[in-house]
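The structure file upload.csv is reproduced below (CSV, C-alpha atoms).
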```
chain,number,residue,atom,x,y,z
A,1,PHE,CA,-25.6,42.1,11.8
A,2,ILE,CA,-23.4,43.5,14.6
A,3,GLN,CA,-25.0,41.4,17.3
A,4,GLU,CA,-24.7,38.2,15.1
A,5,CYS,CA,-21.1,39.0,14.3
A,6,VAL,CA,-20.0,39.6,17.9
A,7,GLY,CA,-22.0,36.7,19.1
A,8,SER,CA,-20.2,34.3,16.8
A,9,VAL,CA,-16.8,35.0,18.3
A,10,ALA,CA,-15.7,33.2,21.4
A,11,PRO,CA,-12.3,34.6,22.4
A,12,ALA,CA,-9.7,32.0,23.1
A,13,ARG,CA,-8.2,32.1,26.6
A,14,GLY,CA,-4.7,33.6,26.8
A,15,HIS,CA,-4.9,35.6,23.6
A,16,SER,CA,-4.7,39.3,23.6
A,17,PRO,CA,-7.0,41.5,21.4
A,18,PRO,CA,-6.1,41.3,17.7
A,19,ARG,CA,-3.6,43.8,16.2
A,20,PHE,CA,-5.4,44.6,13.0
A,21,ASP,CA,-3.0,47.4,12.1
A,22,LEU,CA,-0.2,44.8,11.4
A,23,LEU,CA,-2.4,43.0,8.9
A,24,PHE,CA,-3.9,45.8,6.9
A,25,ARG,CA,-2.3,49.3,7.2
A,26,HIS,CA,0.6,48.6,4.9
A,27,ARG,CA,-1.8,47.5,2.2
A,28,SER,CA,-4.4,50.2,2.3
A,29,ALA,CA,-2.5,53.2,1.0
A,30,SER,CA,-1.3,51.5,-2.2
A,31,CYS,CA,-4.6,49.7,-2.8
A,32,LEU,CA,-6.7,52.9,-2.5
A,33,ALA,CA,-4.3,54.9,-4.6
A,34,SER,CA,-4.3,52.6,-7.6
A,35,PRO,CA,-6.9,52.9,-10.3
A,36,HIS,CA,-6.3,49.2,-11.2
A,37,ARG,CA,-7.2,47.4,-8.0
A,38,ASN,CA,-7.9,43.7,-8.1
A,39,SER,CA,-10.8,42.3,-6.0
A,40,VAL,CA,-8.5,41.0,-3.2
A,41,ASP,CA,-6.7,44.4,-2.9
A,42,HIS,CA,-10.0,46.2,-3.0
A,43,SER,CA,-11.5,44.0,-0.3
A,44,ILE,CA,-8.5,44.4,1.9
A,45,ALA,CA,-8.4,48.1,1.4
A,46,MET,CA,-12.1,48.6,2.2
A,47,THR,CA,-11.8,46.4,5.3
A,48,SER,CA,-8.7,48.5,6.3
A,49,GLY,CA,-10.8,51.6,6.3
A,50,THR,CA,-13.4,50.1,8.6
A,51,ILE,CA,-10.6,48.9,10.9
A,52,ASP,CA,-9.0,52.3,11.0
A,53,THR,CA,-12.4,53.7,12.1
A,54,PHE,CA,-12.9,51.2,14.9
A,55,SER,CA,-9.4,50.2,16.1
A,56,ALA,CA,-8.9,53.3,18.2
A,57,ASN,CA,-11.9,52.4,20.3
A,58,ALA,CA,-11.5,48.6,20.3
A,59,ASP,CA,-9.8,48.4,23.7
A,60,SER,CA,-12.2,50.7,25.5
A,61,ARG,CA,-15.0,49.2,27.6
A,62,GLU,CA,-17.6,51.3,25.9
A,63,HIS,CA,-16.6,49.9,22.5
A,64,ALA,CA,-15.7,46.3,23.6
A,65,GLY,CA,-18.0,44.8,20.9
A,66,TYR,CA,-15.9,46.3,18.1
A,67,SER,CA,-13.2,43.7,18.7
A,68,GLY,CA,-15.7,41.0,17.7
A,69,ILE,CA,-16.7,42.8,14.6
A,70,LEU,CA,-13.1,43.3,13.5
A,71,VAL,CA,-12.4,39.6,14.0
A,72,CYS,CA,-15.3,38.8,11.6
A,73,LEU,CA,-13.8,41.3,9.1
A,74,LEU,CA,-10.5,39.5,9.4
A,75,TYR,CA,-12.2,36.2,8.7
A,76,ASP,CA,-14.2,37.5,5.7
A,77,THR,CA,-11.2,39.3,4.1
A,78,GLY,CA,-8.9,36.3,4.6
A,79,LEU,CA,-11.4,33.9,3.1
A,80,VAL,CA,-12.0,36.2,0.1
A,81,ALA,CA,-8.2,36.3,-0.5
A,82,TYR,CA,-8.0,32.5,-0.3
A,83,PHE,CA,-11.0,31.9,-2.6
A,84,SER,CA,-9.6,34.3,-5.2
A,85,ILE,CA,-6.4,32.2,-5.5
A,86,LEU,CA,-8.3,28.9,-5.3
A,87,SER,CA,-10.5,29.9,-8.2
A,88,LYS,CA,-7.5,30.7,-10.4
A,89,VAL,CA,-5.9,27.4,-9.5
A,90,LYS,CA,-9.1,25.6,-10.5
A,91,ARG,CA,-9.1,27.4,-13.8
A,92,GLY,CA,-5.5,26.4,-14.5
A,93,GLU,CA,-4.2,30.0,-14.3
A,94,LEU,CA,-2.0,29.3,-11.2
A,95,ARG,CA,-0.4,26.3,-9.5
A,96,TRP,CA,-0.1,25.9,-5.8
A,97,ASP,CA,3.5,24.7,-6.1
A,98,SER,CA,4.6,27.8,-8.1
A,99,LEU,CA,2.6,30.8,-7.1
A,100,PRO,CA,4.0,34.1,-8.4
A,101,PRO,CA,5.0,36.8,-5.8
A,102,GLY,CA,1.7,38.6,-5.9
A,103,PRO,CA,-0.6,35.7,-5.3
A,104,GLN,CA,1.9,34.2,-2.8
A,105,ARG,CA,1.7,37.5,-0.9
A,106,ASP,CA,-2.1,37.3,-0.9
A,107,MET,CA,-2.1,33.7,0.3
A,108,THR,CA,0.3,34.6,3.1
A,109,GLU,CA,-2.0,37.4,4.1
A,110,ALA,CA,-5.0,35.2,3.9
A,111,ALA,CA,-3.3,32.6,6.2
A,112,THR,CA,-2.3,35.4,8.6
A,113,MET,CA,-5.8,36.8,8.8
A,114,LEU,CA,-7.4,33.4,9.3
A,115,THR,CA,-4.9,32.5,12.0
A,116,GLU,CA,-5.6,35.8,13.8
A,117,ALA,CA,-9.3,35.3,13.7
A,118,ALA,CA,-9.0,31.6,14.7
A,119,GLN,CA,-6.9,32.5,17.7
A,120,GLN,CA,-9.6,34.9,18.7
A,121,GLY,CA,-12.1,32.1,18.7
A,122,HIS,CA,-13.9,32.6,15.3
A,123,MET,CA,-15.3,29.1,14.6
A,124,LEU,CA,-15.3,29.3,10.8
A,125,ALA,CA,-11.8,30.8,10.7
A,126,GLN,CA,-10.7,27.7,12.7
A,127,LEU,CA,-12.4,25.4,10.2
A,128,TRP,CA,-10.7,27.1,7.2
A,129,LEU,CA,-7.3,27.4,8.9
A,130,ALA,CA,-7.5,23.6,9.4
A,131,GLU,CA,-8.1,23.3,5.7
A,132,LEU,CA,-5.1,25.3,4.8
A,133,TYR,CA,-2.8,23.2,7.1
A,134,GLU,CA,-4.2,20.0,5.7
A,135,SER,CA,-4.0,21.0,2.0
A,136,GLY,CA,-0.8,23.0,2.2
A,137,HIS,CA,-2.4,26.0,0.5
A,138,GLY,CA,-0.5,29.0,1.8
A,139,LEU,CA,1.0,27.0,4.7
A,140,ALA,CA,3.3,24.1,5.0
A,141,VAL,CA,1.3,20.8,5.4
A,142,ASP,CA,0.9,20.1,9.1
A,143,LEU,CA,-1.7,17.5,10.0
A,144,THR,CA,-1.2,18.1,13.7
A,145,GLN,CA,-2.1,21.8,13.4
A,146,GLY,CA,-4.9,20.9,11.0
A,147,PHE,CA,-6.4,18.6,13.6
A,148,ARG,CA,-5.9,21.2,16.3
A,149,TRP,CA,-7.9,23.8,14.5
A,150,MET,CA,-10.6,21.4,13.2
A,151,HIS,CA,-11.0,20.1,16.7
A,152,ALA,CA,-11.4,23.7,18.0
A,153,ALA,CA,-14.2,24.3,15.6
A,154,ALA,CA,-15.8,20.9,16.4
A,155,ILE,CA,-15.8,21.7,20.2
A,156,GLN,CA,-17.6,25.0,19.3
A,157,GLY,CA,-20.3,22.9,17.7
A,158,HIS,CA,-19.7,22.9,13.9
A,159,ALA,CA,-21.2,19.7,12.6
A,160,ASP,CA,-18.9,19.3,9.6
A,161,ALA,CA,-15.9,19.9,11.8
A,162,GLN,CA,-17.1,17.2,14.1
A,163,TYR,CA,-17.3,14.8,11.2
A,164,GLU,CA,-13.8,15.7,10.1
A,165,VAL,CA,-12.5,15.2,13.7
A,166,GLY,CA,-14.2,11.8,13.7
A,167,LEU,CA,-12.4,10.9,10.6
A,168,ALA,CA,-9.1,12.0,12.1
A,169,PHE,CA,-9.6,9.9,15.2
A,170,GLU,CA,-10.7,6.9,13.2
A,171,HIS,CA,-7.7,7.0,10.9
A,172,GLY,CA,-5.1,8.5,13.2
A,173,ARG,CA,-4.7,11.6,11.0
A,174,GLY,CA,-3.0,14.4,12.9
A,175,THR,CA,-3.8,12.7,16.2
A,176,ASN,CA,-3.7,9.3,17.9
A,177,LYS,CA,-6.2,6.8,16.6
A,178,SER,CA,-9.2,6.3,18.8
A,179,TYR,CA,-12.4,4.6,17.6
A,180,ALA,CA,-14.2,5.6,20.8
A,181,LYS,CA,-13.5,9.3,20.2
A,182,ALA,CA,-14.3,8.8,16.5
A,183,PHE,CA,-17.7,7.4,17.5
A,184,GLU,CA,-18.2,10.4,19.9
A,185,PHE,CA,-17.6,13.0,17.2
A,186,TYR,CA,-19.5,11.1,14.5
A,187,HIS,CA,-22.4,10.9,16.8
A,188,ARG,CA,-22.3,14.6,17.6
A,189,ALA,CA,-22.2,15.5,13.9
A,190,SER,CA,-25.0,13.0,13.2
A,191,LEU,CA,-27.3,14.7,15.7
A,192,GLN,CA,-26.9,17.9,13.7
A,193,GLY,CA,-27.9,16.2,10.4
A,194,ASN,CA,-24.6,15.3,8.8
A,195,PRO,CA,-25.4,12.1,6.7
A,196,LEU,CA,-21.7,11.1,6.3
A,197,ALA,CA,-21.3,11.1,10.1
A,198,THR,CA,-24.5,9.2,10.5
A,199,TYR,CA,-23.3,6.6,8.0
A,200,SER,CA,-20.0,6.4,9.9
A,201,VAL,CA,-21.9,5.7,13.2
A,202,GLY,CA,-23.6,2.8,11.4
A,203,LEU,CA,-20.2,1.5,10.2
A,204,LEU,CA,-18.8,1.5,13.7
A,205,TYR,CA,-21.9,-0.3,15.1
A,206,GLU,CA,-21.5,-2.9,12.3
A,207,SER,CA,-17.7,-3.4,12.9
A,208,GLY,CA,-17.8,-3.1,16.7
A,209,CYS,CA,-15.0,-0.5,16.7
A,210,GLY,CA,-15.3,2.1,19.5
A,211,VAL,CA,-18.7,0.7,20.5
A,212,ASP,CA,-20.3,-2.7,21.1
A,213,ALA,CA,-21.2,-4.4,17.8
A,214,ASP,CA,-24.9,-4.2,17.0
A,215,PRO,CA,-26.0,-5.0,13.5
A,216,ALA,CA,-29.6,-4.0,14.1
A,217,LYS,CA,-28.5,-0.5,15.2
A,218,ALA,CA,-26.1,-0.3,12.2
A,219,ILE,CA,-29.1,-0.8,9.9
A,220,GLU,CA,-31.0,1.9,11.8
A,221,TRP,CA,-28.2,4.4,11.4
A,222,TYR,CA,-27.8,3.6,7.7
A,223,ALA,CA,-31.5,4.3,7.2
A,224,ILE,CA,-31.2,7.6,9.0
A,225,SER,CA,-28.2,8.6,6.9
A,226,ALA,CA,-30.2,7.9,3.7
A,227,SER,CA,-33.0,10.0,5.0
A,228,GLN,CA,-30.7,12.9,5.9
A,229,ASP,CA,-29.0,12.7,2.5
A,230,ALA,CA,-32.4,12.8,0.7
A,231,ARG,CA,-33.2,16.0,2.5
A,232,GLY,CA,-30.0,17.6,1.3
A,233,GLY,CA,-28.0,17.3,4.5
A,234,LEU,CA,-24.6,17.3,2.8
A,235,PRO,CA,-21.5,18.8,4.5
A,236,CYS,CA,-22.0,22.5,3.9
A,237,TRP,CA,-18.6,23.9,4.3
A,238,ARG,CA,-17.0,21.8,1.6
A,239,SER,CA,-20.0,22.6,-0.7
A,240,GLU,CA,-19.5,26.3,0.2
A,241,ARG,CA,-15.8,26.0,-0.8
A,242,SER,CA,-16.7,24.5,-4.2
A,243,PHE,CA,-19.5,27.0,-4.9
A,244,THR,CA,-17.7,30.1,-3.7
A,245,ALA,CA,-14.5,29.4,-5.6
A,246,GLU,CA,-16.4,29.4,-8.9
A,247,PHE,CA,-17.7,32.9,-8.4
A,248,VAL,CA,-14.8,34.9,-6.7
```

Encoding of this model in structure tokens:
Amino acid sequence: FIQECVGSVAPARGHSPPRFDLLFRHRSASCLASPHRNSVDHSIAMTSGTIDTFSANADSREHAGYSGILVCLLYDTGLVAYFSILSKVKRGELRWDSLPPGPQRDMTEAATMLTEAAQQGHMLAQLWLAELYESGHGLAVDLTQGFRWMHAAAIQGHADAQYEVGLAFEHGRGTNKSYAKAFEFYHRASLQGNPLATYSVGLLYESGCGVDADPAKAIEWYAISASQDARGGLPCWRSERSFTAEFV
């Protein structure tokens, strides 16, 4: 688990090691002392205990891998906090435009944790931070920032992020419109089995946008897309969002 966790984090250039104490320490004492902890407080408190154990050694060469582990903990805890609020919104218990102080605090912390992990190069944190910026959940809507972080995840190789970046380039959402770049990112995602990206490659071949028009190739890509879809190759991160929110 440790090797997998550390290996999934590619630190962004120019960013200092994460300061986990700023994110957790002020929450841990009250969370651990209360006999009526909710799931988000409990998760944050438990993570805080792990962070307190590791943080003293995170900057030493001997324990350099701890920083990667802690970035993963930031991502996990931030996502749990987000899904907790999302599930309550889906059940009609809360509204995004009028969150009470407690849930609003949790969403602010979730955004802070995901931002910190994303800045340290965590690919999935970059993906979900983009989602927060695009949806306005916990952050002001900012399509430019949403594109920035989705593009960062796409460059690291996430297939569904590559598809989303293709959409952004095709429609000029958060960035300048470019059919050529849309084709590039759709193609990248298609090679990893994303059927929506594969279908989009076919559409661009049919229309001649970003690539020379070729109806025969368009039909080939449509057929590949149907095959990928039949094998269950749907975008996993949005499926994960819907599934997880039901059970938090």

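Counting only C-alpha atoms, the residue from A:Tyr82, A:Tyr205, A:Trp149, A:Tyr179 that sits nearest to A:Met113 is A:Tyr82.
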
Which polymer residues have any atom within 12 Å of an atom of A:Asp142, counting all atoms listed in the file, with same-chain residues fewer than 6 positions away left out, as a PDB file with C-alpha atoms, keeping the file's coordinate frame?
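Saved as result.pdb:
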```pdb
ATOM      1  CA  LEU A 129      -7.300  27.400   8.900  1.00  0.00           C
ATOM      2  CA  ALA A 130      -7.500  23.600   9.400  1.00  0.00           C
ATOM      3  CA  GLU A 131      -8.100  23.300   5.700  1.00  0.00           C
ATOM      4  CA  LEU A 132      -5.100  25.300   4.800  1.00  0.00           C
ATOM      5  CA  TYR A 133      -2.800  23.200   7.100  1.00  0.00           C
ATOM      6  CA  GLU A 134      -4.200  20.000   5.700  1.00  0.00           C
ATOM      7  CA  SER A 135      -4.000  21.000   2.000  1.00  0.00           C
ATOM      8  CA  GLY A 136      -0.800  23.000   2.200  1.00  0.00           C
ATOM      9  CA  ARG A 148      -5.900  21.200  16.300  1.00  0.00           C
ATOM     10  CA  TRP A 149      -7.900  23.800  14.500  1.00  0.00           C
ATOM     11  CA  ARG A 173      -4.700  11.600  11.000  1.00  0.00           C
ATOM     12  CA  GLY A 174      -3.000  14.400  12.900  1.00  0.00           C
ATOM     13  CA  THR A 175      -3.800  12.700  16.200  1.00  0.00           C
TER      14      THR A 175
END
```

Have a look at atom CA of A:Ile69 and atom CA of A:Ala117 and let me know their distance in Å, one decimal.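 One can read the atom CA of A:Ile69 to atom CA of A:Ala117 distance as 10.6 Å.
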
Enter the distance from atom CA of A:Cys72 to atom CA of A:Gln120, in Å, rounded to one decimal. 9.9 Å

Can you measure atom CA of A:Arg95 to atom CA of A:Gln145 for me? One decimal in Å is fine.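 So the two atoms, atom CA of A:Arg95 and atom CA of A:Gln145, lie 23.4 Å apart.
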
Using all atoms listed in the file, which of the listed residues (A:His137, A:Asn194, A:Leu143, A:Ser200) sits closest to A:Ala159?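 For A:Ala159, the nearest of the candidates is A:Asn194.
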
Within 10 Å of A:Pro215 using only C-alpha atoms, minus same-chain residues under 6 positions, as a ChimeraX atom specification: /A:202-208,221

Measuring between only C-alpha atoms, which one of A:His171, A:His122, A:Arg91, A:Lys177 shows the shortest distance to A:Tyr75? A:His122

In terms of the shortest atom-to-atom distance over all atoms listed in the file, which of A:Pro100, A:Gly166, A:Gly92, A:Gly157 is closest to A:Gln126?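 Going through A:Pro100, A:Gly166, A:Gly92, A:Gly157 one by one, the smallest distance to A:Gln126 is for A:Gly157.
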
Since the input is missing atoms for stretch 68-88 of chain A, could you rebuild it with N, CA, C and O atoms and give the result as a PDB file, in the frame of the given file?
```pdb
ATOM      1  N   GLY A  68     -15.012  42.085  18.379  1.00  0.00           N
ATOM      2  CA  GLY A  68     -15.700  41.000  17.700  1.00  0.00           C
ATOM      3  C   GLY A  68     -16.002  41.245  16.296  1.00  0.00           C
ATOM      4  O   GLY A  68     -15.878  40.366  15.434  1.00  0.00           O
ATOM      5  N   ILE A  69     -16.424  42.476  15.999  1.00  0.00           N
ATOM      6  CA  ILE A  69     -16.700  42.800  14.600  1.00  0.00           C
ATOM      7  C   ILE A  69     -15.483  42.774  13.758  1.00  0.00           C
ATOM      8  O   ILE A  69     -15.509  42.265  12.633  1.00  0.00           O
ATOM      9  N   LEU A  70     -14.385  43.242  14.284  1.00  0.00           N
ATOM     10  CA  LEU A  70     -13.100  43.300  13.500  1.00  0.00           C
ATOM     11  C   LEU A  70     -12.620  41.845  13.273  1.00  0.00           C
ATOM     12  O   LEU A  70     -12.041  41.559  12.219  1.00  0.00           O
ATOM     13  N   VAL A  71     -12.821  40.947  14.237  1.00  0.00           N
ATOM     14  CA  VAL A  71     -12.400  39.600  14.000  1.00  0.00           C
ATOM     15  C   VAL A  71     -13.218  38.979  12.852  1.00  0.00           C
ATOM     16  O   VAL A  71     -12.673  38.268  12.005  1.00  0.00           O
ATOM     17  N   CYS A  72     -14.509  39.304  12.770  1.00  0.00           N
ATOM     18  CA  CYS A  72     -15.300  38.800  11.600  1.00  0.00           C
ATOM     19  C   CYS A  72     -14.815  39.401  10.320  1.00  0.00           C
ATOM     20  O   CYS A  72     -14.809  38.715   9.294  1.00  0.00           O
ATOM     21  N   LEU A  73     -14.376  40.668  10.336  1.00  0.00           N
ATOM     22  CA  LEU A  73     -13.800  41.300   9.100  1.00  0.00           C
ATOM     23  C   LEU A  73     -12.526  40.592   8.714  1.00  0.00           C
ATOM     24  O   LEU A  73     -12.263  40.407   7.520  1.00  0.00           O
ATOM     25  N   LEU A  74     -11.720  40.240   9.690  1.00  0.00           N
ATOM     26  CA  LEU A  74     -10.500  39.500   9.400  1.00  0.00           C
ATOM     27  C   LEU A  74     -10.831  38.189   8.695  1.00  0.00           C
ATOM     28  O   LEU A  74     -10.222  37.824   7.673  1.00  0.00           O
ATOM     29  N   TYR A  75     -11.788  37.462   9.247  1.00  0.00           N
ATOM     30  CA  TYR A  75     -12.200  36.200   8.700  1.00  0.00           C
ATOM     31  C   TYR A  75     -12.702  36.381   7.229  1.00  0.00           C
ATOM     32  O   TYR A  75     -12.276  35.684   6.305  1.00  0.00           O
ATOM     33  N   ASP A  76     -13.622  37.333   7.042  1.00  0.00           N
ATOM     34  CA  ASP A  76     -14.200  37.500   5.700  1.00  0.00           C
ATOM     35  C   ASP A  76     -13.151  37.888   4.677  1.00  0.00           C
ATOM     36  O   ASP A  76     -13.130  37.355   3.572  1.00  0.00           O
ATOM     37  N   THR A  77     -12.259  38.804   5.039  1.00  0.00           N
ATOM     38  CA  THR A  77     -11.200  39.300   4.100  1.00  0.00           C
ATOM     39  C   THR A  77     -10.236  38.149   3.791  1.00  0.00           C
ATOM     40  O   THR A  77      -9.816  37.960   2.642  1.00  0.00           O
ATOM     41  N   GLY A  78      -9.841  37.401   4.827  1.00  0.00           N
ATOM     42  CA  GLY A  78      -8.900  36.300   4.600  1.00  0.00           C
ATOM     43  C   GLY A  78      -9.504  35.225   3.715  1.00  0.00           C
ATOM     44  O   GLY A  78      -8.824  34.691   2.840  1.00  0.00           O
ATOM     45  N   LEU A  79     -10.789  34.936   3.896  1.00  0.00           N
ATOM     46  CA  LEU A  79     -11.400  33.900   3.100  1.00  0.00           C
ATOM     47  C   LEU A  79     -11.572  34.344   1.633  1.00  0.00           C
ATOM     48  O   LEU A  79     -11.386  33.555   0.701  1.00  0.00           O
ATOM     49  N   VAL A  80     -11.906  35.620   1.418  1.00  0.00           N
ATOM     50  CA  VAL A  80     -12.000  36.200   0.100  1.00  0.00           C
ATOM     51  C   VAL A  80     -10.645  36.023  -0.654  1.00  0.00           C
ATOM     52  O   VAL A  80     -10.574  35.618  -1.821  1.00  0.00           O
ATOM     53  N   ALA A  81      -9.575  36.360   0.052  1.00  0.00           N
ATOM     54  CA  ALA A  81      -8.200  36.300  -0.500  1.00  0.00           C
ATOM     55  C   ALA A  81      -7.931  34.810  -0.928  1.00  0.00           C
ATOM     56  O   ALA A  81      -7.397  34.529  -2.008  1.00  0.00           O
ATOM     57  N   TYR A  82      -8.264  33.880  -0.037  1.00  0.00           N
ATOM     58  CA  TYR A  82      -8.000  32.500  -0.300  1.00  0.00           C
ATOM     59  C   TYR A  82      -8.835  31.982  -1.513  1.00  0.00           C
ATOM     60  O   TYR A  82      -8.315  31.340  -2.425  1.00  0.00           O
ATOM     61  N   PHE A  83     -10.124  32.306  -1.533  1.00  0.00           N
ATOM     62  CA  PHE A  83     -11.000  31.900  -2.600  1.00  0.00           C
ATOM     63  C   PHE A  83     -10.546  32.456  -3.959  1.00  0.00           C
ATOM     64  O   PHE A  83     -10.698  31.832  -5.006  1.00  0.00           O
ATOM     65  N   SER A  84     -10.020  33.666  -3.938  1.00  0.00           N
ATOM     66  CA  SER A  84      -9.600  34.300  -5.200  1.00  0.00           C
ATOM     67  C   SER A  84      -8.436  33.470  -5.803  1.00  0.00           C
ATOM     68  O   SER A  84      -8.419  33.208  -7.005  1.00  0.00           O
ATOM     69  N   ILE A  85      -7.474  33.045  -4.975  1.00  0.00           N
ATOM     70  CA  ILE A  85      -6.400  32.200  -5.500  1.00  0.00           C
ATOM     71  C   ILE A  85      -6.879  30.836  -5.852  1.00  0.00           C
ATOM     72  O   ILE A  85      -6.520  30.289  -6.902  1.00  0.00           O
ATOM     73  N   LEU A  86      -7.750  30.266  -5.022  1.00  0.00           N
ATOM     74  CA  LEU A  86      -8.300  28.900  -5.300  1.00  0.00           C
ATOM     75  C   LEU A  86      -8.996  28.863  -6.620  1.00  0.00           C
ATOM     76  O   LEU A  86      -8.845  27.899  -7.384  1.00  0.00           O
ATOM     77  N   SER A  87      -9.782  29.893  -6.929  1.00  0.00           N
ATOM     78  CA  SER A  87     -10.500  29.900  -8.200  1.00  0.00           C
ATOM     79  C   SER A  87      -9.579  29.933  -9.387  1.00  0.00           C
ATOM     80  O   SER A  87      -9.821  29.281 -10.409  1.00  0.00           O
ATOM     81  N   LYS A  88      -8.477  30.673  -9.265  1.00  0.00           N
ATOM     82  CA  LYS A  88      -7.500  30.700 -10.400  1.00  0.00           C
ATOM     83  C   LYS A  88      -6.762  29.427 -10.537  1.00  0.00           C
ATOM     84  O   LYS A  88      -6.426  29.033 -11.662  1.00  0.00           O
TER      85      LYS A  88
END
```
